[in-house]
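This is upload_17.cif (mmCIF, C-alpha atoms).
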```cif
data_my_file
loop_
_atom_site.group_PDB
_atom_site.id
_atom_site.type_symbol
_atom_site.label_atom_id
_atom_site.label_comp_id
_atom_site.auth_asym_id
_atom_site.auth_seq_id
_atom_site.Cartn_x
_atom_site.Cartn_y
_atom_site.Cartn_z
ATOM 1 C CA MET A 1 -68.087 -8.197 -201.217
ATOM 2 C CA SER A 2 -65.638 -8.457 -198.335
ATOM 3 C CA ALA A 3 -62.578 -6.278 -198.372
ATOM 4 C CA GLU A 4 -59.485 -7.807 -199.894
ATOM 5 C CA ARG A 5 -57.138 -9.290 -197.316
ATOM 6 C CA ARG A 6 -53.519 -8.361 -197.682
ATOM 7 C CA TYR A 7 -50.370 -7.866 -195.646
ATOM 8 C CA GLN A 8 -48.516 -4.590 -195.242
ATOM 9 C CA SER A 9 -44.875 -4.066 -194.400
ATOM 10 C CA VAL A 10 -44.229 -2.685 -190.924
ATOM 11 C CA PRO A 11 -43.484 1.063 -191.248
ATOM 12 C CA LEU A 12 -40.262 2.366 -189.720
ATOM 13 C CA GLN A 13 -42.022 4.207 -186.870
ATOM 14 C CA ARG A 14 -43.586 0.906 -185.746
ATOM 15 C CA ARG A 15 -40.264 -0.927 -186.064
ATOM 16 C CA TRP A 16 -38.479 1.160 -183.455
ATOM 17 C CA MET A 17 -41.486 0.924 -181.143
ATOM 18 C CA ASN A 18 -41.472 -2.866 -181.577
ATOM 19 C CA ASP A 19 -37.797 -2.901 -180.581
ATOM 20 C CA LEU A 20 -38.526 -0.650 -177.608
ATOM 21 C CA VAL A 21 -41.298 -2.937 -176.354
ATOM 22 C CA HIS A 22 -39.171 -6.045 -176.951
ATOM 23 C CA PHE A 23 -36.419 -4.797 -174.646
ATOM 24 C CA GLY A 24 -38.754 -2.970 -172.275
ATOM 25 C CA LYS A 25 -40.460 -6.257 -171.416
ATOM 26 C CA LYS A 26 -37.127 -7.579 -170.182
ATOM 27 C CA SER A 27 -36.892 -4.889 -167.498
ATOM 28 C CA HIS A 28 -38.090 -5.598 -163.966
ATOM 29 C CA ILE A 29 -40.539 -2.701 -163.863
ATOM 30 C CA MET A 30 -42.940 -1.994 -161.002
ATOM 31 C CA GLY A 31 -45.659 0.652 -160.996
ATOM 32 C CA CYS A 32 -47.308 2.859 -158.394
ATOM 33 C CA SER A 33 -49.317 6.083 -158.204
ATOM 34 C CA TRP A 34 -49.661 8.927 -155.734
ATOM 35 C CA ARG A 35 -51.058 12.405 -155.444
ATOM 36 C CA ILE A 36 -48.889 15.384 -154.650
ATOM 37 C CA ASN A 37 -49.832 18.986 -153.971
ATOM 38 C CA ILE A 38 -47.936 21.643 -155.916
ATOM 39 C CA ALA A 39 -50.247 24.633 -155.429
ATOM 40 C CA PRO A 40 -47.337 27.099 -154.882
ATOM 41 C CA LEU A 41 -45.729 25.950 -158.137
ATOM 42 C CA ALA A 42 -49.014 26.137 -160.064
ATOM 43 C CA ALA A 43 -49.496 29.738 -158.890
ATOM 44 C CA ALA A 44 -45.932 30.748 -159.782
ATOM 45 C CA ARG A 45 -46.190 29.089 -163.199
ATOM 46 C CA ALA A 46 -49.527 30.788 -163.981
ATOM 47 C CA ALA A 47 -47.944 34.177 -163.288
ATOM 48 C CA GLY A 48 -45.478 33.731 -166.144
ATOM 49 C CA ARG A 49 -46.281 34.859 -169.674
ATOM 50 C CA PRO A 50 -46.170 32.505 -171.421
ATOM 51 C CA PRO A 51 -46.094 29.857 -168.692
ATOM 52 C CA VAL A 52 -43.277 27.321 -168.794
ATOM 53 C CA GLY A 53 -44.418 23.886 -169.975
ATOM 54 C CA TRP A 54 -44.931 21.148 -167.407
ATOM 55 C CA THR A 55 -42.533 18.769 -169.148
ATOM 56 C CA ALA A 56 -39.660 21.217 -168.690
ATOM 57 C CA ILE A 57 -40.627 21.676 -165.044
ATOM 58 C CA TRP A 58 -40.736 17.936 -164.372
ATOM 59 C CA MET A 59 -37.435 17.377 -166.163
ATOM 60 C CA LYS A 60 -35.619 20.063 -164.174
ATOM 61 C CA THR A 61 -37.157 18.797 -160.935
ATOM 62 C CA LEU A 62 -36.078 15.182 -161.485
ATOM 63 C CA ALA A 63 -32.548 16.330 -162.291
ATOM 64 C CA LEU A 64 -32.337 18.521 -159.172
ATOM 65 C CA VAL A 65 -33.571 15.659 -156.984
ATOM 66 C CA GLY A 66 -31.095 13.385 -158.768
ATOM 67 C CA ARG A 67 -28.229 15.513 -157.455
ATOM 68 C CA ARG A 68 -29.137 14.393 -153.933
ATOM 69 C CA ARG A 69 -30.408 10.921 -154.752
ATOM 70 C CA PRO A 70 -28.071 8.788 -156.888
ATOM 71 C CA GLU A 71 -30.876 6.243 -157.413
ATOM 72 C CA LEU A 72 -32.228 8.595 -160.077
ATOM 73 C CA ARG A 73 -28.891 8.376 -161.888
ATOM 74 C CA THR A 74 -28.486 4.605 -161.599
ATOM 75 C CA LEU A 75 -28.888 1.915 -164.265
ATOM 76 C CA TYR A 76 -28.812 -1.866 -163.962
ATOM 77 C CA VAL A 77 -26.386 -3.329 -166.515
ATOM 78 C CA PRO A 78 -26.710 -7.152 -166.810
ATOM 79 C CA PHE A 79 -23.859 -8.195 -169.153
ATOM 80 C CA PRO A 80 -21.212 -9.534 -169.146
ATOM 81 C CA TRP A 81 -21.849 -9.513 -165.372
ATOM 82 C CA ALA A 82 -24.559 -7.817 -163.314
ATOM 83 C CA ARG A 83 -23.574 -4.367 -162.036
ATOM 84 C CA LEU A 84 -24.986 -0.919 -161.323
ATOM 85 C CA HIS A 85 -23.844 2.132 -163.256
ATOM 86 C CA VAL A 86 -24.205 5.428 -161.372
ATOM 87 C CA ASN A 87 -24.051 8.221 -163.939
ATOM 88 C CA PRO A 88 -22.384 11.489 -162.871
ATOM 89 C CA VAL A 89 -25.324 13.564 -164.172
ATOM 90 C CA SER A 90 -29.003 13.002 -164.903
ATOM 91 C CA VAL A 91 -30.112 12.048 -168.402
ATOM 92 C CA CYS A 92 -33.832 12.405 -169.086
ATOM 93 C CA THR A 93 -35.695 10.932 -172.052
ATOM 94 C CA VAL A 94 -38.783 12.777 -173.283
ATOM 95 C CA ALA A 95 -41.361 11.274 -175.644
ATOM 96 C CA ILE A 96 -42.434 13.571 -178.500
ATOM 97 C CA GLU A 97 -45.316 12.681 -180.830
ATOM 98 C CA ARG A 98 -44.879 13.927 -184.379
ATOM 99 C CA THR A 99 -46.482 13.250 -187.735
ATOM 100 C CA TRP A 100 -43.948 11.636 -190.053
ATOM 101 C CA GLN A 101 -44.586 10.280 -193.538
ATOM 102 C CA GLY A 102 -48.303 10.899 -193.068
ATOM 103 C CA ALA A 103 -48.671 8.886 -189.837
ATOM 104 C CA PRO A 104 -48.198 9.580 -186.117
ATOM 105 C CA ALA A 105 -44.823 8.561 -184.744
ATOM 106 C CA LEU A 106 -43.374 8.637 -181.229
ATOM 107 C CA PHE A 107 -39.834 10.019 -181.122
ATOM 108 C CA PHE A 108 -37.484 10.336 -178.170
ATOM 109 C CA GLU A 109 -34.922 12.937 -177.154
ATOM 110 C CA GLN A 110 -32.358 12.696 -174.365
ATOM 111 C CA PHE A 111 -31.473 15.749 -172.256
ATOM 112 C CA VAL A 112 -28.089 15.499 -170.537
ATOM 113 C CA ALA A 113 -27.644 17.307 -167.180
ATOM 114 C CA PRO A 114 -30.901 19.311 -167.301
ATOM 115 C CA GLU A 115 -30.257 20.358 -163.682
ATOM 116 C CA GLY A 116 -27.854 22.978 -165.038
ATOM 117 C CA ILE A 117 -30.115 24.307 -167.810
ATOM 118 C CA PRO A 118 -32.500 27.237 -167.171
ATOM 119 C CA LEU A 119 -36.189 26.362 -167.341
ATOM 120 C CA ASP A 120 -36.810 28.770 -170.208
ATOM 121 C CA ASP A 121 -34.078 27.095 -172.274
ATOM 122 C CA LEU A 122 -35.467 23.621 -171.562
ATOM 123 C CA ASP A 123 -38.930 24.775 -172.552
ATOM 124 C CA HIS A 124 -37.611 26.342 -175.760
ATOM 125 C CA ALA A 125 -35.748 23.141 -176.665
ATOM 126 C CA LEU A 126 -38.891 21.058 -176.127
ATOM 127 C CA ARG A 127 -40.981 23.377 -178.288
ATOM 128 C CA LYS A 128 -38.342 23.172 -181.000
ATOM 129 C CA LEU A 129 -38.608 19.363 -180.979
ATOM 130 C CA LYS A 130 -42.312 19.727 -181.754
ATOM 131 C CA GLN A 131 -41.881 22.313 -184.514
ATOM 132 C CA GLU A 132 -38.629 21.603 -186.372
ATOM 133 C CA PRO A 133 -38.755 19.222 -189.355
ATOM 134 C CA VAL A 134 -38.182 15.669 -188.155
ATOM 135 C CA GLU A 135 -35.154 15.239 -190.411
ATOM 136 C CA ASN A 136 -33.433 18.262 -188.791
ATOM 137 C CA ILE A 137 -33.293 16.653 -185.326
ATOM 138 C CA GLY A 138 -30.337 14.356 -184.705
ATOM 139 C CA SER A 139 -31.968 11.957 -182.236
ATOM 140 C CA PHE A 140 -34.994 11.569 -184.523
ATOM 141 C CA ARG A 141 -32.768 10.819 -187.524
ATOM 142 C CA ARG A 142 -30.921 8.221 -185.431
ATOM 143 C CA LEU A 143 -34.178 6.400 -184.628
ATOM 144 C CA ILE A 144 -35.113 6.348 -188.300
ATOM 145 C CA ARG A 145 -31.657 5.175 -189.366
ATOM 146 C CA PHE A 146 -31.492 2.302 -186.879
ATOM 147 C CA ALA A 147 -35.016 1.170 -187.795
ATOM 148 C CA ARG A 148 -33.948 0.342 -191.359
ATOM 149 C CA PRO A 149 -31.727 -2.781 -190.850
ATOM 150 C CA PRO A 150 -33.236 -6.297 -190.531
ATOM 151 C CA VAL A 151 -34.669 -7.199 -187.141
ATOM 152 C CA LEU A 152 -31.734 -9.371 -186.025
ATOM 153 C CA VAL A 153 -29.279 -6.550 -186.706
ATOM 154 C CA ARG A 154 -31.501 -4.034 -184.892
ATOM 155 C CA ARG A 155 -31.858 -6.274 -181.844
ATOM 156 C CA LEU A 156 -28.078 -6.749 -181.674
ATOM 157 C CA ILE A 157 -27.520 -2.976 -181.757
ATOM 158 C CA TRP A 158 -30.174 -2.361 -179.102
ATOM 159 C CA SER A 159 -28.856 -5.193 -176.917
ATOM 160 C CA CYS A 160 -25.301 -3.833 -176.953
ATOM 161 C CA ALA A 161 -26.450 -0.297 -176.119
ATOM 162 C CA LEU A 162 -28.875 -1.356 -173.366
ATOM 163 C CA ASN A 163 -27.208 -4.318 -171.693
ATOM 164 C CA TRP A 164 -23.440 -3.946 -171.961
ATOM 165 C CA SER A 165 -22.487 -0.323 -171.295
ATOM 166 C CA GLY A 166 -23.924 1.973 -168.623
ATOM 167 C CA PRO A 167 -22.615 5.218 -170.167
ATOM 168 C CA LEU A 168 -23.837 4.194 -173.629
ATOM 169 C CA ARG A 169 -27.285 3.291 -172.319
ATOM 170 C CA ALA A 170 -27.545 6.544 -170.351
ATOM 171 C CA ARG A 171 -26.562 8.646 -173.361
ATOM 172 C CA TYR A 172 -28.857 7.067 -175.935
ATOM 173 C CA PHE A 173 -31.790 5.808 -173.832
ATOM 174 C CA GLY A 174 -31.686 7.994 -170.735
ATOM 175 C CA ILE A 175 -31.984 7.046 -167.076
ATOM 176 C CA SER A 176 -35.290 8.696 -166.233
ATOM 177 C CA ALA A 177 -38.172 9.269 -168.650
ATOM 178 C CA LEU A 178 -41.168 11.603 -168.836
ATOM 179 C CA ASN A 179 -44.522 11.260 -170.514
ATOM 180 C CA PRO A 180 -47.731 13.256 -169.940
ATOM 181 C CA PHE A 181 -51.010 11.364 -169.920
ATOM 182 C CA PRO A 182 -54.536 12.581 -170.830
ATOM 183 C CA VAL A 183 -57.083 13.925 -168.397
ATOM 184 C CA GLY A 184 -58.476 11.039 -166.378
ATOM 185 C CA GLY A 185 -55.973 8.642 -167.905
ATOM 186 C CA HIS A 186 -54.393 5.759 -165.997
ATOM 187 C CA ILE A 187 -51.390 3.851 -167.309
ATOM 188 C CA THR A 188 -51.344 0.177 -166.311
ATOM 189 C CA GLN A 189 -47.995 -0.873 -167.788
ATOM 190 C CA SER A 190 -44.824 0.671 -169.174
ATOM 191 C CA ALA A 191 -42.465 -0.792 -171.758
ATOM 192 C CA MET A 192 -39.781 1.890 -171.495
ATOM 193 C CA PRO A 193 -36.335 0.511 -170.573
ATOM 194 C CA ALA A 194 -35.795 3.308 -168.035
ATOM 195 C CA SER A 195 -34.899 3.057 -164.345
ATOM 196 C CA PHE A 196 -37.465 5.696 -163.395
ATOM 197 C CA MET A 197 -40.400 6.820 -165.524
ATOM 198 C CA VAL A 198 -42.990 9.441 -164.647
ATOM 199 C CA TYR A 199 -46.445 9.845 -166.171
ATOM 200 C CA PHE A 200 -47.978 13.131 -165.051
ATOM 201 C CA GLY A 201 -51.415 14.613 -165.600
ATOM 202 C CA ILE A 202 -53.015 18.010 -165.171
ATOM 203 C CA VAL A 203 -52.871 19.967 -161.933
ATOM 204 C CA GLU A 204 -56.266 20.383 -160.302
ATOM 205 C CA PRO A 205 -57.509 23.800 -159.068
ATOM 206 C CA ASN A 206 -56.487 22.959 -155.477
ATOM 207 C CA GLY A 207 -52.948 22.118 -156.611
ATOM 208 C CA ASP A 208 -53.282 18.337 -156.441
ATOM 209 C CA ALA A 209 -51.601 16.344 -159.208
ATOM 210 C CA HIS A 210 -51.899 12.627 -159.947
ATOM 211 C CA VAL A 211 -48.519 11.048 -160.656
ATOM 212 C CA GLN A 212 -47.739 7.522 -161.849
ATOM 213 C CA ILE A 213 -44.246 6.136 -161.485
ATOM 214 C CA PHE A 214 -42.674 3.024 -162.990
ATOM 215 C CA TYR A 215 -39.296 1.991 -161.633
ATOM 216 C CA ASP A 216 -36.711 -0.743 -162.037
ATOM 217 C CA HIS A 217 -36.966 -2.915 -158.921
ATOM 218 C CA ARG A 218 -33.382 -4.062 -159.422
ATOM 219 C CA VAL A 219 -32.262 -0.485 -158.698
ATOM 220 C CA MET A 220 -34.644 0.735 -155.990
ATOM 221 C CA ASP A 221 -37.577 -0.281 -153.776
ATOM 222 C CA GLY A 222 -41.083 1.079 -153.345
ATOM 223 C CA ILE A 223 -40.439 2.844 -150.044
ATOM 224 C CA GLU A 224 -37.583 4.730 -151.681
ATOM 225 C CA ILE A 225 -39.948 5.809 -154.464
ATOM 226 C CA TYR A 226 -42.222 7.327 -151.830
ATOM 227 C CA ARG A 227 -39.307 9.304 -150.351
ATOM 228 C CA ILE A 228 -38.243 10.452 -153.817
ATOM 229 C CA LEU A 229 -41.776 11.628 -154.595
ATOM 230 C CA ARG A 230 -41.913 13.664 -151.397
ATOM 231 C CA ASP A 231 -38.559 15.183 -152.391
ATOM 232 C CA ILE A 232 -39.971 15.957 -155.853
ATOM 233 C CA GLU A 233 -42.969 17.698 -154.290
ATOM 234 C CA ALA A 234 -40.759 19.814 -152.009
ATOM 235 C CA THR A 235 -38.330 20.670 -154.826
ATOM 236 C CA MET A 236 -41.151 21.839 -157.086
ATOM 237 C CA ASN A 237 -42.646 24.064 -154.409
ATOM 238 C CA ARG A 238 -39.247 25.457 -153.394
ATOM 239 C CA ASP A 239 -36.511 25.413 -156.049
ATOM 240 C CA ILE A 240 -38.694 25.589 -159.152
ATOM 241 C CA VAL A 241 -40.875 28.317 -157.648
ATOM 242 C CA ALA A 242 -37.736 30.292 -156.782
ATOM 243 C CA GLU A 243 -36.462 30.044 -160.361
ATOM 244 C CA LEU A 244 -39.817 31.072 -161.827
ATOM 245 C CA ASP A 245 -40.028 34.045 -159.439
ATOM 246 C CA ALA A 246 -36.461 35.094 -160.274
ATOM 247 C CA GLY A 247 -37.245 34.944 -163.993
ATOM 248 C CA ARG A 248 -39.992 37.532 -163.558
ATOM 249 C CA GLY A 249 -37.768 39.833 -161.502
#
```
Turn the structure described in the file into C-alpha cells.
Amino acid sequence: MSAERRYQSVPLQRRWMNDLVHFGKKSHIMGCSWRINIAPLAAARAAGRPPVGWTAIWMKTLALVGRRRPELRTLYVPFPWARLHVNPVSVCTVAIERTWQGAPALFFEQFVAPEGIPLDDLDHALRKLKQEPVENIGSFRRLIRFARPPVLVRRLIWSCALNWSGPLRARYFGISALNPFPVGGHITQSAMPASFMVYFGIVEPNGDAHVQIFYDHRVMDGIEIYRILRDIEATMNRDIVAELDAGRG
C-alpha cells in the first residue's frame, strides 16, 4: 500500500528562510572564488589554547578592512529612489544552525562594529549563540516572532526593512555576512540580501584557504573585490596575528 499523501503546514523556521530567499533573489549578486595564503595567521591561531574560532577571526578582519574601504559598509537602497547608504561602522551577519522544536533551523545574529571588539569576546559571543536556549537570544526570538504573521504581512515588513531605510537594513540584516562551508564544498549561488558575503573553508597545511565571495554588483565591481581580498589576506597576517600574539603575552 502506498503511503498516504497529505499536506503539512510550513514550519516557522522554513517561513523565515522562504522570506529570505524571496528577497535575496531580488539582489544583483555576483559570485567569485580565490585562494589566499594565511600561514602566519594559522600558526598564531594554533598557538592559542583554546584557539579562537575562524568565524570570529573573519568577522574582525572584515570589520578592520571596512574601516579603510567604505564599500564594505555600503548598502544599495532602492526605494523611494535609488541611493547608497554608507554606514558609519561595519555590521556583520553570522548564520548559526540550531535545533529548534525538534528540527534544524538557521538563525542569524548581527554584530555591530566588531572592529572594536576583542577577538576573545567575539569568539565567546559566538559560542554563546550556539549554546544558549534559542528563546533567550533576542535576534532569534525576533525571527520567530516575525515568521508568525501571514505571508503578505511578513513580506511588507521585510520590504520596508530591506528596501526603504539603510540604517534599518544594516541593523537588522547586516551589511556583510559570513558562513563556513564544508570540506571540499563549493557554493554556486547565494540568496542572502547582503552587499558582501564570504563563504570560507578550512585552512590547508601550507596555509592556503579557499574563499568564495558573493557581492552586490550595484555597490562594487569584481576588480574591487580582488583588491579587498588582498587587503583581507594582509590584515589577517598582520593585524589579527598581532592581536593573537598580544593575547598570549
Atomic separation - atom CA of A:Phe214 relative to atom CA of A:Val198, Å: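 Here the two named atoms are 6.6 Å from each other.
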For this file, the PyMOL selection byres ((chain A and resi 47) around 12) selects which residues, as JSON, numbers by chain? {"A": [40, 41, 42, 43, 44, 45, 46, 48, 49, 50, 51, 52, 241, 244, 245, 246, 247, 248, 249]}
May I have the selected residues written with C-alpha atoms, as a PDB file, keeping the file's coordinate frame?
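Contents of result-v4.pdb, as written:
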```
ATOM      1  CA  PRO A  40     -47.337  27.099-154.882  1.00  0.00           C
ATOM      2  CA  LEU A  41     -45.729  25.950-158.137  1.00  0.00           C
ATOM      3  CA  ALA A  42     -49.014  26.137-160.064  1.00  0.00           C
ATOM      4  CA  ALA A  43     -49.496  29.738-158.890  1.00  0.00           C
ATOM      5  CA  ALA A  44     -45.932  30.748-159.782  1.00  0.00           C
ATOM      6  CA  ARG A  45     -46.190  29.089-163.199  1.00  0.00           C
ATOM      7  CA  ALA A  46     -49.527  30.788-163.981  1.00  0.00           C
ATOM      8  CA  GLY A  48     -45.478  33.731-166.144  1.00  0.00           C
ATOM      9  CA  ARG A  49     -46.281  34.859-169.674  1.00  0.00           C
ATOM     10  CA  PRO A  50     -46.170  32.505-171.421  1.00  0.00           C
ATOM     11  CA  PRO A  51     -46.094  29.857-168.692  1.00  0.00           C
ATOM     12  CA  VAL A  52     -43.277  27.321-168.794  1.00  0.00           C
ATOM     13  CA  VAL A 241     -40.875  28.317-157.648  1.00  0.00           C
ATOM     14  CA  LEU A 244     -39.817  31.072-161.827  1.00  0.00           C
ATOM     15  CA  ASP A 245     -40.028  34.045-159.439  1.00  0.00           C
ATOM     16  CA  ALA A 246     -36.461  35.094-160.274  1.00  0.00           C
ATOM     17  CA  GLY A 247     -37.245  34.944-163.993  1.00  0.00           C
ATOM     18  CA  ARG A 248     -39.992  37.532-163.558  1.00  0.00           C
ATOM     19  CA  GLY A 249     -37.768  39.833-161.502  1.00  0.00           C
TER      20      GLY A 249
END
```
Apply the PyMOL selection byres ((chain A and resi 110-121) around 6) to the file shown and report the selected residues as a ChimeraX atom specification. /A:60,63-64,89-93,109,122-124,174
The selected residues should be written to file as a PDB file, keeping the file's coordinate frame (atoms: C-alpha atoms).
```
ATOM      1  CA  LYS A  60     -35.619  20.063-164.174  1.00  0.00           C
ATOM      2  CA  ALA A  63     -32.548  16.330-162.291  1.00  0.00           C
ATOM      3  CA  LEU A  64     -32.337  18.521-159.172  1.00  0.00           C
ATOM      4  CA  VAL A  89     -25.324  13.564-164.172  1.00  0.00           C
ATOM      5  CA  SER A  90     -29.003  13.002-164.903  1.00  0.00           C
ATOM      6  CA  VAL A  91     -30.112  12.048-168.402  1.00  0.00           C
ATOM      7  CA  CYS A  92     -33.832  12.405-169.086  1.00  0.00           C
ATOM      8  CA  THR A  93     -35.695  10.932-172.052  1.00  0.00           C
ATOM      9  CA  GLU A 109     -34.922  12.937-177.154  1.00  0.00           C
ATOM     10  CA  LEU A 122     -35.467  23.621-171.562  1.00  0.00           C
ATOM     11  CA  ASP A 123     -38.930  24.775-172.552  1.00  0.00           C
ATOM     12  CA  HIS A 124     -37.611  26.342-175.760  1.00  0.00           C
ATOM     13  CA  GLY A 174     -31.686   7.994-170.735  1.00  0.00           C
TER      14      GLY A 174
END
```
On this file, the PyMOL selection byres ((chain A and resi 94) around 12) gives some set of residues; write that set as a PyMOL selection string. chain A and resi 54-56+58-59+91-93+95-97+106-112+114+122+125-127+129-130+139-140+172-180+192+194+197-199
Which residue gives the smallest distance to A:His28 among A:His210, A:Arg148, A:Arg169, A:His217, with all atoms listed in the file counted?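 Closest to A:His28 of all the choices is A:His217.
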Selection: 10 Å around A:Arg155, only C-alpha atoms, excl. self and same-chain fewer than 3 positions, as an mmCIF file with C-alpha atoms, in the coordinates of the input:
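And here is the file that came out, part_12.cif:
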```
data_model
loop_
_atom_site.group_PDB
_atom_site.id
_atom_site.type_symbol
_atom_site.label_atom_id
_atom_site.label_comp_id
_atom_site.auth_asym_id
_atom_site.auth_seq_id
_atom_site.Cartn_x
_atom_site.Cartn_y
_atom_site.Cartn_z
ATOM 1 C CA ASP A 19 -37.797 -2.901 -180.581
ATOM 2 C CA LEU A 20 -38.526 -0.650 -177.608
ATOM 3 C CA HIS A 22 -39.171 -6.045 -176.951
ATOM 4 C CA PHE A 23 -36.419 -4.797 -174.646
ATOM 5 C CA PHE A 146 -31.492 2.302 -186.879
ATOM 6 C CA PRO A 149 -31.727 -2.781 -190.850
ATOM 7 C CA PRO A 150 -33.236 -6.297 -190.531
ATOM 8 C CA VAL A 151 -34.669 -7.199 -187.141
ATOM 9 C CA LEU A 152 -31.734 -9.371 -186.025
ATOM 10 C CA TRP A 158 -30.174 -2.361 -179.102
ATOM 11 C CA SER A 159 -28.856 -5.193 -176.917
ATOM 12 C CA CYS A 160 -25.301 -3.833 -176.953
ATOM 13 C CA ALA A 161 -26.450 -0.297 -176.119
#
```
Which of these residues is nearest to A:Ile232, using all atoms listed in the file: A:Leu162, A:Leu12, A:Leu62, A:Ala191?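 Closest candidate: A:Leu62.
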Neighbours of stretch 86-88 of chain A within 8 Å (only C-alpha atoms; same-chain residues fewer than 2 positions away dropped), as an NGL selection string? :A and (70-71 or 73-75 or 84 or 90 or 166-167 or 170)
Please measure the separation of atom CA of A:Ile137 and atom CA of A:Ala105, giving the value in Å to one decimal. 14.1 Å
What is the atom CA of A:Asn237-atom CA of A:Ala39 distance in Å, reported with one decimal? 7.7 Å
Residue nearest A:Thr99 among A:Gly53, A:Pro133, A:Gly66, A:Gly207 (counting all atoms listed in the file):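 Distance minimum relative to A:Thr99 lands on A:Pro133.
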Close residues, A:Arg83 itself excluded, 12 Å, only C-alpha atoms, min 3 positions apart in chain, as number ranges by chain: A: 74-80, 86, 163-166, 218-219
Saved selection, atoms kept: C-alpha atoms, as an mmCIF file, in the frame of the given file:
```cif
data_model
loop_
_atom_site.group_PDB
_atom_site.id
_atom_site.type_symbol
_atom_site.label_atom_id
_atom_site.label_comp_id
_atom_site.auth_asym_id
_atom_site.auth_seq_id
_atom_site.Cartn_x
_atom_site.Cartn_y
_atom_site.Cartn_z
ATOM 1 C CA THR A 74 -28.486 4.605 -161.599
ATOM 2 C CA LEU A 75 -28.888 1.915 -164.265
ATOM 3 C CA TYR A 76 -28.812 -1.866 -163.962
ATOM 4 C CA VAL A 77 -26.386 -3.329 -166.515
ATOM 5 C CA PRO A 78 -26.710 -7.152 -166.810
ATOM 6 C CA PHE A 79 -23.859 -8.195 -169.153
ATOM 7 C CA PRO A 80 -21.212 -9.534 -169.146
ATOM 8 C CA VAL A 86 -24.205 5.428 -161.372
ATOM 9 C CA ASN A 163 -27.208 -4.318 -171.693
ATOM 10 C CA TRP A 164 -23.440 -3.946 -171.961
ATOM 11 C CA SER A 165 -22.487 -0.323 -171.295
ATOM 12 C CA GLY A 166 -23.924 1.973 -168.623
ATOM 13 C CA ARG A 218 -33.382 -4.062 -159.422
ATOM 14 C CA VAL A 219 -32.262 -0.485 -158.698
#
```
